[in-house]
file protein28.cif (mmCIF, C-alpha atoms)
data_model
#
loop_
_atom_site.label_atom_id
_atom_site.label_comp_id
_atom_site.auth_asym_id
_atom_site.auth_seq_id
_atom_site.Cartn_x
_atom_site.Cartn_y
_atom_site.Cartn_z
CA MET Q 1 38.69 -19.69 -32.97
CA SER Q 2 37.47 -17.53 -30.07
CA SER Q 3 34.72 -14.94 -30.52
CA ARG Q 4 37.31 -12.17 -29.90
CA ALA Q 5 39.58 -13.53 -32.63
CA PHE Q 6 36.60 -13.69 -34.97
CA VAL Q 7 35.79 -10.02 -34.34
CA LEU Q 8 39.40 -8.95 -34.91
CA CYS Q 9 39.41 -10.76 -38.25
CA LEU Q 10 36.06 -9.28 -39.19
CA CYS Q 11 37.03 -5.72 -38.27
CA ALA Q 12 39.79 -5.82 -40.85
CA ALA Q 13 37.15 -6.32 -43.55
CA ILE Q 14 34.33 -4.04 -42.36
CA GLU Q 15 34.76 -0.28 -42.63
CA ALA Q 16 32.06 0.38 -40.07
CA CYS Q 17 33.83 -1.61 -37.39
CA GLY Q 18 33.81 1.26 -34.91
CA SER Q 19 30.11 2.00 -35.20
CA ARG Q 20 27.75 1.33 -32.30
CA SER Q 21 23.97 1.36 -32.13
CA ALA Q 22 21.55 0.69 -29.31
CA LEU Q 23 19.07 -2.17 -29.35
CA VAL Q 24 15.89 -1.15 -31.12
CA ASP Q 25 12.74 -3.15 -30.36
CA VAL Q 26 10.29 -2.51 -33.19
CA GLY Q 27 6.73 -3.73 -32.99
CA PRO Q 28 4.59 -4.78 -35.96
CA THR Q 29 4.20 -2.04 -38.56
CA GLU Q 30 1.95 -1.40 -41.54
CA VAL Q 31 2.78 0.79 -44.53
CA ASP Q 32 0.37 2.45 -46.90
CA SER Q 33 1.12 2.66 -50.61
CA GLY Q 34 3.58 5.45 -51.21
CA SER Q 35 5.47 5.17 -47.95
CA GLY Q 36 9.07 6.34 -47.58
CA GLY Q 37 11.55 3.97 -49.14
CA LEU Q 38 14.71 2.15 -48.21
CA GLY Q 39 16.78 4.87 -49.83
CA GLY Q 40 14.96 7.75 -48.14
CA GLY Q 41 12.39 10.22 -49.38
CA SER Q 42 9.09 11.42 -47.98
CA GLY Q 43 5.93 9.42 -47.53
CA THR Q 44 3.20 8.48 -45.11
CA THR Q 45 3.19 5.38 -42.96
CA ALA Q 46 0.61 4.01 -40.57
CA VAL Q 47 3.07 4.37 -37.70
CA GLY Q 48 3.43 8.00 -36.69
CA GLY Q 49 3.31 9.35 -40.25
CA SER Q 50 7.10 9.65 -40.45
CA GLY Q 51 9.07 9.88 -43.68
CA GLY Q 52 11.42 7.42 -45.36
CA ALA Q 53 14.51 5.89 -43.85
CA ALA Q 54 16.89 8.56 -45.09
CA GLY Q 55 18.80 8.44 -41.83
CA ALA Q 56 19.84 4.82 -42.35
CA ALA Q 57 23.02 5.39 -44.34
CA GLY Q 58 23.35 3.06 -47.31
CA ALA Q 59 20.14 1.27 -46.39
CA GLY Q 60 19.54 0.17 -49.98
CA PRO Q 61 17.79 1.25 -53.15
CA GLU Q 62 14.88 3.64 -52.89
CA CYS Q 63 11.67 1.62 -52.84
CA LYS Q 64 8.33 3.13 -51.85
CA ASP Q 65 6.08 0.35 -53.08
CA LEU Q 66 6.13 -3.18 -54.51
CA VAL Q 67 4.18 -4.10 -57.62
CA ALA Q 68 3.47 -7.67 -58.73
CA LEU Q 69 3.93 -8.30 -62.44
CA ALA Q 70 1.18 -10.20 -64.20
CA PRO Q 71 0.64 -12.94 -65.03
CA PRO Q 72 2.42 -15.43 -62.75
CA ALA Q 73 4.86 -17.65 -64.65
CA LEU Q 74 4.13 -21.37 -64.46
CA LEU Q 75 6.77 -24.09 -64.80
CA ASN Q 76 5.38 -27.49 -65.72
CA GLY Q 77 7.26 -30.73 -65.24
CA GLN Q 78 6.95 -32.01 -68.82
CA ASN Q 79 6.73 -35.77 -68.17
CA ALA Q 80 6.81 -35.38 -64.36
CA LEU Q 81 4.56 -33.78 -61.78
CA PHE Q 82 5.96 -31.31 -59.27
CA ASP Q 83 4.64 -32.22 -55.83
CA ALA Q 84 6.61 -29.91 -53.51
CA PRO Q 85 7.55 -26.24 -53.18
CA PRO Q 86 10.60 -25.02 -55.12
CA VAL Q 87 13.92 -23.72 -53.84
CA LEU Q 88 15.72 -20.80 -55.52
CA ALA Q 89 19.28 -19.47 -55.59
CA VAL Q 90 21.26 -16.94 -57.58
CA ALA Q 91 23.14 -18.75 -60.35
CA PRO Q 92 26.85 -18.77 -59.42
CA GLY Q 93 28.96 -16.58 -61.66
CA VAL Q 94 25.95 -15.25 -63.64
CA SER Q 95 24.39 -12.29 -61.86
CA ASP Q 96 21.13 -12.17 -63.84
CA GLU Q 97 20.31 -15.89 -63.69
CA VAL Q 98 18.40 -17.83 -61.04
CA VAL Q 99 18.59 -21.55 -60.29
CA LEU Q 100 15.33 -23.37 -59.51
CA ALA Q 101 15.05 -26.88 -58.11
CA THR Q 102 12.01 -28.86 -56.99
CA ARG Q 103 10.95 -32.42 -56.30
CA ALA Q 104 9.25 -34.17 -59.20
CA MET Q 105 7.08 -37.28 -59.24
CA SER Q 106 7.37 -39.47 -62.33
CA SER Q 107 5.37 -42.56 -63.19
CA GLY Q 108 5.50 -45.02 -60.32
CA PRO Q 109 6.65 -44.36 -56.75
CA SER Q 110 10.10 -42.93 -57.57
CA ASN Q 111 10.97 -39.28 -57.93
CA GLY Q 112 13.96 -36.99 -58.19
CA ILE Q 113 15.01 -33.34 -58.26
CA ARG Q 114 14.23 -31.32 -61.38
CA HIS Q 115 16.38 -28.22 -61.86
CA THR Q 116 16.95 -25.45 -64.38
CA SER Q 117 18.23 -21.88 -64.66
CA PHE Q 118 16.59 -18.87 -66.29
CA ARG Q 119 16.68 -15.06 -66.46
CA PRO Q 120 13.69 -13.61 -64.60
CA TRP Q 121 14.73 -9.93 -64.43
CA GLY Q 122 14.03 -8.87 -68.03
CA THR Q 123 10.99 -9.84 -70.08
CA TRP Q 124 8.17 -11.27 -67.99
CA PRO Q 125 7.17 -14.09 -68.02
CA PRO Q 126 10.74 -15.29 -68.66
CA PRO Q 127 10.94 -16.75 -72.19
CA ASP Q 128 13.69 -19.21 -71.16
CA LEU Q 129 11.82 -20.67 -68.17
CA GLY Q 130 11.97 -24.46 -68.42
CA ALA Q 131 13.87 -24.39 -71.71
CA SER Q 132 16.39 -26.87 -70.28
CA LEU Q 133 14.89 -28.87 -67.41
CA GLN Q 134 17.22 -31.51 -65.96
CA MET Q 135 16.73 -34.39 -63.49
CA THR Q 136 19.13 -35.24 -60.66
CA LEU Q 137 18.87 -38.12 -58.15
CA ALA Q 138 16.40 -39.81 -60.47
CA GLY Q 139 14.79 -43.05 -59.40
CA THR Q 140 14.86 -42.28 -55.67
CA GLU Q 141 12.30 -41.01 -53.19
CA ILE Q 142 13.27 -37.52 -51.98
CA SER Q 143 12.29 -36.26 -48.50
CA ASP Q 144 10.47 -32.95 -48.04
CA ASP Q 145 13.58 -30.95 -47.10
CA TYR Q 146 16.12 -30.10 -49.81
CA PHE Q 147 18.25 -27.01 -50.48
CA VAL Q 148 20.32 -25.36 -53.22
CA ALA Q 149 23.06 -22.73 -52.91
CA PRO Q 150 25.73 -21.15 -55.13
CA SER Q 151 28.88 -23.23 -55.38
CA THR Q 152 31.82 -22.70 -57.76
CA PRO Q 153 31.36 -20.60 -60.96
CA GLY Q 154 28.87 -22.28 -63.28
CA ARG Q 155 27.80 -24.82 -60.64
CA PHE Q 156 25.40 -24.99 -57.70
CA ALA Q 157 25.25 -27.24 -54.67
CA LEU Q 158 22.30 -29.46 -53.77
CA LEU Q 159 21.60 -31.01 -50.36
CA ALA Q 160 18.89 -33.68 -50.32
CA SER Q 161 17.89 -36.88 -48.60
CA PRO Q 162 16.93 -39.56 -51.14
CA SER Q 163 15.91 -43.05 -50.13
CA THR Q 164 19.51 -44.18 -50.64
CA GLY Q 165 20.75 -41.80 -47.91
CA PRO Q 166 21.43 -38.04 -47.56
CA VAL Q 167 23.95 -36.58 -49.99
CA LEU Q 168 25.61 -33.31 -50.93
CA LEU Q 169 26.24 -32.56 -54.59
CA THR Q 170 28.69 -29.67 -54.93
CA ALA Q 171 28.98 -29.29 -58.71
CA VAL Q 172 25.54 -29.49 -60.33
CA ALA Q 173 25.25 -27.75 -63.71
CA PRO Q 174 22.07 -25.61 -63.55
CA ALA Q 175 20.71 -26.44 -67.01
CA GLN Q 176 22.90 -29.33 -68.14
CA ASP Q 177 22.88 -33.06 -67.53
CA TYR Q 178 25.80 -33.02 -65.10
CA ALA Q 179 25.64 -33.31 -61.31
CA GLY Q 180 29.22 -34.10 -60.24
CA PRO Q 181 30.11 -36.38 -57.33
CA GLN Q 182 27.64 -37.32 -54.60
CA LEU Q 183 29.07 -36.96 -51.11
CA PRO Q 184 27.37 -38.95 -48.32
CA VAL Q 185 26.69 -36.77 -45.25
CA LEU Q 186 25.96 -37.55 -41.61
CA GLY Q 187 22.42 -37.13 -40.31
CA ALA Q 188 18.82 -37.91 -41.11
CA SER Q 189 17.27 -34.71 -42.47
CA PRO Q 190 18.72 -31.63 -44.25
CA SER Q 191 18.52 -28.46 -42.16
CA PHE Q 192 20.36 -25.82 -44.24
CA LEU Q 193 22.87 -25.26 -47.03
CA ALA Q 194 24.98 -22.09 -47.29
CA GLU Q 195 26.68 -20.37 -50.20
CA GLY Q 196 30.09 -21.83 -50.94
CA ILE Q 197 33.34 -20.10 -49.96
CA GLU Q 198 36.60 -20.93 -51.77
CA GLY Q 199 35.24 -24.24 -53.06
CA VAL Q 200 33.87 -25.31 -49.67
CA GLN Q 201 30.18 -25.76 -48.88
CA LEU Q 202 28.66 -25.52 -45.38
CA LEU Q 203 25.64 -27.66 -44.60
CA GLY Q 204 23.55 -28.61 -41.60
CA MET Q 205 21.90 -31.97 -40.92
CA SER Q 206 19.51 -32.97 -38.14
CA SER Q 207 19.74 -36.36 -36.47
CA THR Q 208 16.92 -38.61 -35.29
CA LYS Q 209 17.87 -37.51 -31.73
CA ASN Q 210 17.29 -33.81 -32.56
CA GLU Q 211 20.99 -33.02 -32.83
CA LEU Q 212 22.34 -30.53 -35.38
CA TYR Q 213 25.50 -31.48 -37.26
CA ALA Q 214 27.51 -28.78 -39.06
CA GLN Q 215 29.54 -30.22 -41.93
CA LEU Q 216 31.80 -29.04 -44.74
CA GLY Q 217 31.69 -30.41 -48.26
CA ARG Q 218 34.44 -29.68 -50.76
CA SER Q 219 34.10 -29.20 -54.49
CA GLU Q 220 34.71 -31.80 -57.17
CA SER Q 221 38.47 -31.14 -57.09
CA ASP Q 222 38.55 -32.65 -53.57
CA PRO Q 223 35.20 -34.42 -53.15
CA LYS Q 224 34.59 -35.22 -49.52
CA ALA Q 225 32.34 -34.20 -46.62
CA THR Q 226 33.71 -33.63 -43.13
CA THR Q 227 31.75 -33.28 -39.91
CA ILE Q 228 32.88 -30.27 -37.89
CA SER Q 229 30.79 -30.52 -34.77
CA THR Q 230 27.48 -31.39 -33.18
CA ILE Q 231 26.69 -27.73 -32.53
CA GLY Q 232 23.26 -28.13 -30.94
CA CYS Q 233 20.65 -30.48 -29.50
CA ALA Q 234 17.17 -30.26 -28.01
CA ASP Q 235 14.18 -32.30 -26.90
CA SER Q 236 12.41 -31.53 -30.21
CA GLN Q 237 13.40 -30.57 -33.75
CA ILE Q 238 16.14 -27.97 -34.29
CA PHE Q 239 15.95 -25.45 -37.13
CA GLY Q 240 18.96 -23.69 -38.65
CA ALA Q 241 20.11 -21.30 -41.39
CA ALA Q 242 23.50 -19.96 -42.47
CA THR Q 243 24.92 -17.03 -44.45
CA PRO Q 244 28.47 -16.12 -45.56
CA LEU Q 245 30.33 -13.22 -43.95
CA GLY Q 246 33.75 -12.55 -45.42
CA SER Q 247 35.75 -15.76 -45.34
CA ASN Q 248 33.48 -17.30 -42.65
CA TRP Q 249 29.89 -18.39 -42.26
CA LEU Q 250 27.40 -17.41 -39.58
CA ILE Q 251 24.97 -20.11 -38.44
CA ALA Q 252 21.78 -19.29 -36.58
CA TYR Q 253 19.91 -22.21 -35.06
CA SER Q 254 17.40 -23.04 -32.37
CA ASN Q 255 18.93 -24.90 -29.46
CA GLY Q 256 17.89 -26.61 -26.25
CA GLU Q 257 17.55 -24.17 -23.37
CA HIS Q 258 19.88 -26.34 -21.25
CA ALA Q 259 22.25 -27.39 -24.06
CA PRO Q 260 25.94 -26.41 -23.95
CA VAL Q 261 27.14 -23.63 -26.24
CA ALA Q 262 28.34 -24.64 -29.75
CA VAL Q 263 28.66 -28.33 -28.83
CA CYS Q 264 26.48 -31.19 -27.64
CA GLY Q 265 27.91 -34.50 -26.51
CA ASN Q 266 24.69 -35.89 -25.03
CA PRO Q 267 21.23 -34.61 -26.06
CA THR Q 268 19.53 -36.04 -22.96
CA GLY Q 269 18.01 -33.22 -20.91
CA ALA Q 270 18.89 -30.51 -23.44
CA GLY Q 271 15.40 -29.04 -23.06
CA ASP Q 272 13.02 -27.36 -25.48
CA PRO Q 273 14.58 -25.32 -28.33
CA LYS Q 274 13.83 -22.00 -26.59
CA ARG Q 275 16.92 -20.07 -27.59
CA ILE Q 276 18.61 -19.08 -30.84
CA ASP Q 277 22.40 -19.41 -30.95
CA ILE Q 278 24.82 -17.76 -33.39
CA VAL Q 279 28.17 -19.37 -34.18
CA SER Q 280 30.81 -18.67 -36.80
CA ILE Q 281 32.59 -21.39 -38.77
CA THR Q 282 35.65 -21.05 -40.98
CA THR Q 283 36.66 -23.10 -44.00
CA GLY Q 284 39.40 -24.47 -41.72
CA HIS Q 285 36.83 -26.07 -39.38
CA GLU Q 286 37.16 -23.50 -36.55
CA VAL Q 287 33.96 -22.83 -34.58
CA ALA Q 288 33.30 -19.79 -32.36
CA SER Q 289 30.22 -19.09 -30.25
CA LEU Q 290 29.10 -15.48 -30.80
CA ALA Q 291 25.69 -14.82 -29.19
CA THR Q 292 22.51 -16.33 -27.75
CA LEU Q 293 18.96 -14.98 -27.96
CA PRO Q 294 16.39 -16.48 -25.52
CA VAL Q 295 12.88 -16.93 -26.97
CA ALA Q 296 9.56 -17.49 -25.23
CA ALA Q 297 8.54 -20.78 -26.87
CA PRO Q 298 10.10 -23.53 -29.03
CA VAL Q 299 11.13 -22.34 -32.49
CA THR Q 300 9.11 -23.96 -35.29
CA GLU Q 301 10.55 -22.14 -38.33
CA LEU Q 302 13.76 -20.19 -38.94
CA ALA Q 303 15.24 -18.41 -41.96
CA ALA Q 304 18.18 -16.04 -42.38
CA ALA Q 305 19.53 -13.40 -44.76
CA ALA Q 306 22.98 -11.86 -45.04
CA HIS Q 307 23.82 -8.34 -43.85
CA GLN Q 308 27.15 -6.65 -44.48
CA ASN Q 309 27.91 -6.62 -40.73
CA GLY Q 310 26.16 -9.83 -39.73
CA MET Q 311 22.83 -11.47 -40.51
CA TYR Q 312 19.05 -11.12 -40.27
CA LEU Q 313 16.92 -13.82 -38.65
CA VAL Q 314 13.20 -14.47 -39.03
CA TRP Q 315 11.47 -17.17 -37.03
CA ARG Q 316 8.19 -18.44 -35.66
CA GLU Q 317 7.50 -19.89 -32.22
CA ALA Q 318 5.02 -22.49 -30.97
CA GLY Q 319 2.88 -22.35 -27.87
CA VAL Q 320 -0.18 -20.32 -28.87
CA ALA Q 321 -2.70 -20.50 -31.71
CA ASN Q 322 -1.54 -18.57 -34.79
CA PRO Q 323 1.64 -17.15 -33.21
CA PRO Q 324 3.31 -14.12 -34.77
CA ALA Q 325 6.65 -14.34 -36.51
CA ARG Q 326 9.64 -12.35 -35.28
CA TRP Q 327 12.83 -10.91 -36.72
CA ALA Q 328 16.19 -9.78 -35.39
CA ARG Q 329 19.44 -8.37 -36.78
CA PHE Q 330 22.70 -9.73 -35.40
CA ASP Q 331 25.82 -7.54 -35.61
CA ALA Q 332 28.98 -9.64 -35.81
CA VAL Q 333 31.24 -6.76 -34.78
CA GLN Q 334 29.30 -5.89 -31.63
CA LEU Q 335 28.47 -9.58 -31.02
CA SER Q 336 24.90 -8.61 -30.18
CA PHE Q 337 21.38 -8.33 -31.55
CA VAL Q 338 21.05 -4.64 -32.41
CA ALA Q 339 17.41 -4.65 -33.55
CA LYS Q 340 14.43 -6.97 -33.24
CA GLY Q 341 10.65 -7.01 -33.39
CA GLU Q 342 7.53 -8.71 -34.72
CA LEU Q 343 7.20 -9.47 -38.40
CA GLY Q 344 4.24 -8.65 -40.61
CA GLY Q 345 0.80 -7.27 -39.84
CA LEU Q 346 -1.05 -7.65 -36.57
CA ASP Q 347 -3.19 -10.53 -37.86
CA ASP Q 348 -0.92 -12.10 -40.46
CA HIS Q 349 0.12 -15.23 -38.50
CA PRO Q 350 2.96 -15.88 -41.00
CA VAL Q 351 4.02 -19.38 -42.06
CA GLY Q 352 6.43 -20.61 -44.74
CA LEU Q 353 9.00 -17.93 -43.91
CA SER Q 354 11.66 -16.96 -46.44
CA ALA Q 355 14.22 -14.14 -46.18
CA ALA Q 356 16.70 -12.39 -48.48
CA PRO Q 357 18.99 -9.35 -48.28
CA PHE Q 358 17.79 -6.20 -50.03
CA GLY Q 359 20.49 -3.53 -49.97
CA GLU Q 360 21.22 -3.23 -46.27
CA GLY Q 361 17.57 -4.00 -45.55
CA LEU Q 362 15.59 -7.21 -45.32
CA ALA Q 363 13.09 -8.77 -47.73
CA VAL Q 364 10.71 -11.41 -46.41
CA ALA Q 365 8.01 -13.53 -48.00
CA TYR Q 366 5.46 -15.69 -46.23
CA VAL Q 367 1.90 -17.01 -46.35
CA THR Q 368 -0.74 -15.75 -43.93
CA ALA Q 369 -2.58 -18.39 -41.92
CA LYS Q 370 -5.74 -16.65 -40.66
CA ALA Q 371 -8.43 -19.14 -39.69
CA GLY Q 372 -11.35 -19.17 -42.13
CA MET Q 373 -9.59 -16.87 -44.61
CA GLN Q 374 -7.96 -17.59 -47.97
CA PRO Q 375 -4.19 -17.69 -47.50
CA GLN Q 376 -2.38 -14.60 -48.76
CA LEU Q 377 1.17 -14.39 -50.07
CA VAL Q 378 2.89 -11.39 -48.47
CA VAL Q 379 6.16 -9.80 -49.62
CA GLN Q 380 7.62 -7.11 -47.38
CA LEU Q 381 10.70 -4.86 -47.30
CA GLN Q 382 12.06 -3.30 -44.13
CA ASP Q 383 15.09 -1.20 -43.26
CA PRO Q 384 17.86 -2.44 -40.90
CA PHE Q 385 15.92 -1.25 -37.84
CA GLY Q 386 12.57 -2.79 -38.75
CA LYS Q 387 10.74 0.10 -40.40
CA VAL Q 388 8.49 -1.45 -43.06
CA VAL Q 389 8.95 0.54 -46.25
CA ALA Q 390 7.03 -1.50 -48.82
CA ARG Q 391 4.57 -4.36 -48.71
CA ALA Q 392 2.48 -6.26 -51.24
CA SER Q 393 0.07 -9.17 -51.01
CA ARG Q 394 -1.99 -11.37 -53.29
CA PRO Q 395 -3.90 -14.66 -52.97
CA SER Q 396 -1.49 -17.49 -52.25
CA PHE Q 397 -1.34 -20.47 -54.57
CA HIS Q 398 -0.64 -22.90 -51.74
CA PRO Q 399 -0.46 -22.68 -47.92
CA ALA Q 400 3.13 -23.90 -47.81
CA ARG Q 401 6.64 -22.52 -47.71
CA VAL Q 402 7.79 -20.05 -50.31
CA ALA Q 403 11.16 -19.36 -51.93
CA LEU Q 404 12.58 -15.84 -52.31
CA VAL Q 405 15.57 -14.40 -54.19
CA PRO Q 406 16.51 -10.76 -54.99
CA SER Q 407 17.76 -9.40 -58.29
CA TYR Q 408 21.47 -8.58 -58.59
CA GLU Q 409 20.85 -4.83 -58.20
CA HIS Q 410 18.28 -5.36 -55.39
CA ARG Q 411 15.37 -3.69 -57.19
CA ARG Q 412 13.26 -6.79 -57.87
CA LEU Q 413 12.23 -9.93 -56.02
CA LEU Q 414 11.30 -13.37 -57.32
CA VAL Q 415 8.97 -15.58 -55.28
CA GLY Q 416 8.35 -19.26 -55.98
CA GLN Q 417 5.47 -21.45 -54.76
CA HIS Q 418 3.86 -24.75 -55.58
CA ASP Q 419 0.64 -23.97 -57.46
CA GLY Q 420 -1.43 -26.54 -55.55
CA ASN Q 421 -1.70 -28.87 -58.54
CA SER Q 422 1.41 -30.12 -60.33
CA ALA Q 423 3.34 -27.00 -61.39
CA ILE Q 424 5.57 -24.28 -59.92
CA ALA Q 425 4.24 -20.71 -59.82
CA LEU Q 426 6.72 -17.81 -59.99
CA LEU Q 427 5.86 -14.21 -59.20
CA ARG Q 428 8.00 -11.10 -59.65
CA PHE Q 429 7.69 -8.00 -57.49
CA ASP Q 430 9.32 -4.77 -58.67
CA CYS Q 431 10.24 -1.72 -56.61
CA VAL Q 432 8.49 1.55 -57.35
CA PRO Q 433 10.85 4.44 -56.46
#
call {"tool": "encode", "arguments": {"input": "protein28.cif", "output": "structure tokens"}}
result
Amino acid sequence: MSSRAFVLCLCAAIEACGSRSALVDVGPTEVDSGSGGLGGGSGTTAVGGSGGAAGAAGAGPECKDLVALAPPALLNGQNALFDAPPVLAVAPGVSDEVVLATRAMSSGPSNGIRHTSFRPWGTWPPPDLGASLQMTLAGTEISDDYFVAPSTPGRFALLASPSTGPVLLTAVAPAQDYAGPQLPVLGASPSFLAEGIEGVQLLGMSSTKNELYAQLGRSESDPKATTISTIGCADSQIFGAATPLGSNWLIAYSNGEHAPVAVCGNPTGAGDPKRIDIVSITTGHEVASLATLPVAAPVTELAAAAHQNGMYLVWREAGVANPPARWARFDAVQLSFVAKGELGGLDDHPVGLSAAPFGEGLAVAYVTAKAGMQPQLVVQLQDPFGKVVARASRPSFHPARVALVPSYEHRRLLVGQHDGNSAIALLRFDCVP
């Protein structure tokens, strides 16, 4: 599928197809408590003292501040120890449930993936947290990178790399002892896993030669995994993320500065991953190159969140001590990046980036990495053009990646971290209108 054909298909599904907006380059911003919210309203910010983002039509629910509920909820591993950060996803077919999965160490050298589902948006801490904790891929050693995503109703997908080889599970029951078929996938290390579309799951795997393989995995009714394409390659590790858009997916990934677009037959001489490419992929295996964003230094982290017209990207680059993180919004109708800027405060030095949609805006969570300072967990909301409208921070449990998921009505956020010992810590942040 060509990029023009992709846009024509997309325009049929997006009412705002004819809209146009200029590129907005937004620098780092800070917001005082009580600033204008995503849905508009007055307030004071530390950048020019302007009001809320009332001019951004449909930007999301009004949110002037974020408040952390106390105490944090802790999930213990019963007879196993959790030794890695969790991953979170909305439970498929159940809008008020969240799926949690994390690596667990049992007695001896073997481990597996523990998973459960619970309802975090009502009573806090959630009374059903850990009520039904299941184990999948038991008896194997799991690598550091694993992902979950919604699959078919009542099931979620899991991408992991156990010692027996990387696999995709497309039909795991969140809180039951059922995992469905295990589909072997090509590659060495999981890179991303996207929400399923029509019983098909999109995943990305990195090779030992720093290639990125995009693959499709079908549900238990037709259990198989198919490689679509080697969409990227570089002289060092590639990072990727994907979100659904209509009946397609958008993939954002770092790529070698000399690599071909959307394909790589030979990684030799591809260069440092100093650009971010966007491609679309259909459930019928069609790939279209949509846009490229040059960056100043190799990408070392990348996350993405869906937007009704495209996707948000957040990433971090190497090259200097404590580099800032950056964000951009890609518009799939205009085939361009319509807004971009730095992420977080001037001295945050974010690591462990996680992103989620919040209305039409963007929610991000990360850990600060200031030398000599206790790491802080930061949760931030911004409108589609980068105006920070709410921000909260608290001491971080662990200087590692975080997981982030919004509530179904986009008024609350759930953040998951490893607690630094052997449990998972969950924190909820609620909007104050």
call {"tool": "residues_around", "arguments": {"input": "protein28.cif", "residues": "Q:Leu362", "least_positions_apart": "2", "cutoff": "9 Å", "atoms": "all atoms listed in the file", "output": "PyMOL selection string"}}
result
chain Q and resi 305-307+312+355-360+364+380-384+386
call {"tool": "atom_distance", "arguments": {"input": "protein28.cif", "atom1": "atom CA of Q:Ala160", "atom2": "atom CA of Q:Gly271"}}
result
27.9 Å
call {"tool": "atom_distance", "arguments": {"input": "protein28.cif", "atom1": "atom CA of Q:Ala214", "atom2": "atom CA of Q:Lys340"}}
result
26.1 Å
call {"tool": "atom_distance", "arguments": {"input": "protein28.cif", "atom1": "atom CA of Q:Ser336", "atom2": "atom CA of Q:Leu293"}}
result
9.0 Å
call {"tool": "closest_residue", "arguments": {"input": "protein28.cif", "among": "Q:Gly165, Q:Pro86, Q:Gly352, Q:Pro184", "to": "Q:Phe147", "atoms": "all atoms listed in the file"}}
result
Q:Pro86
call {"tool": "closest_residue", "arguments": {"input": "protein28.cif", "among": "Q:Pro174, Q:Gly310, Q:Pro324, Q:Gly199", "to": "Q:Leu353", "atoms": "all atoms listed in the file"}}
result
Q:Pro324
call {"tool": "closest_residue", "arguments": {"input": "protein28.cif", "among": "Q:Leu212, Q:Val167, Q:Leu343, Q:Ala188", "to": "Q:Cys233", "atoms": "all atoms listed in the file"}}
result
Q:Leu212
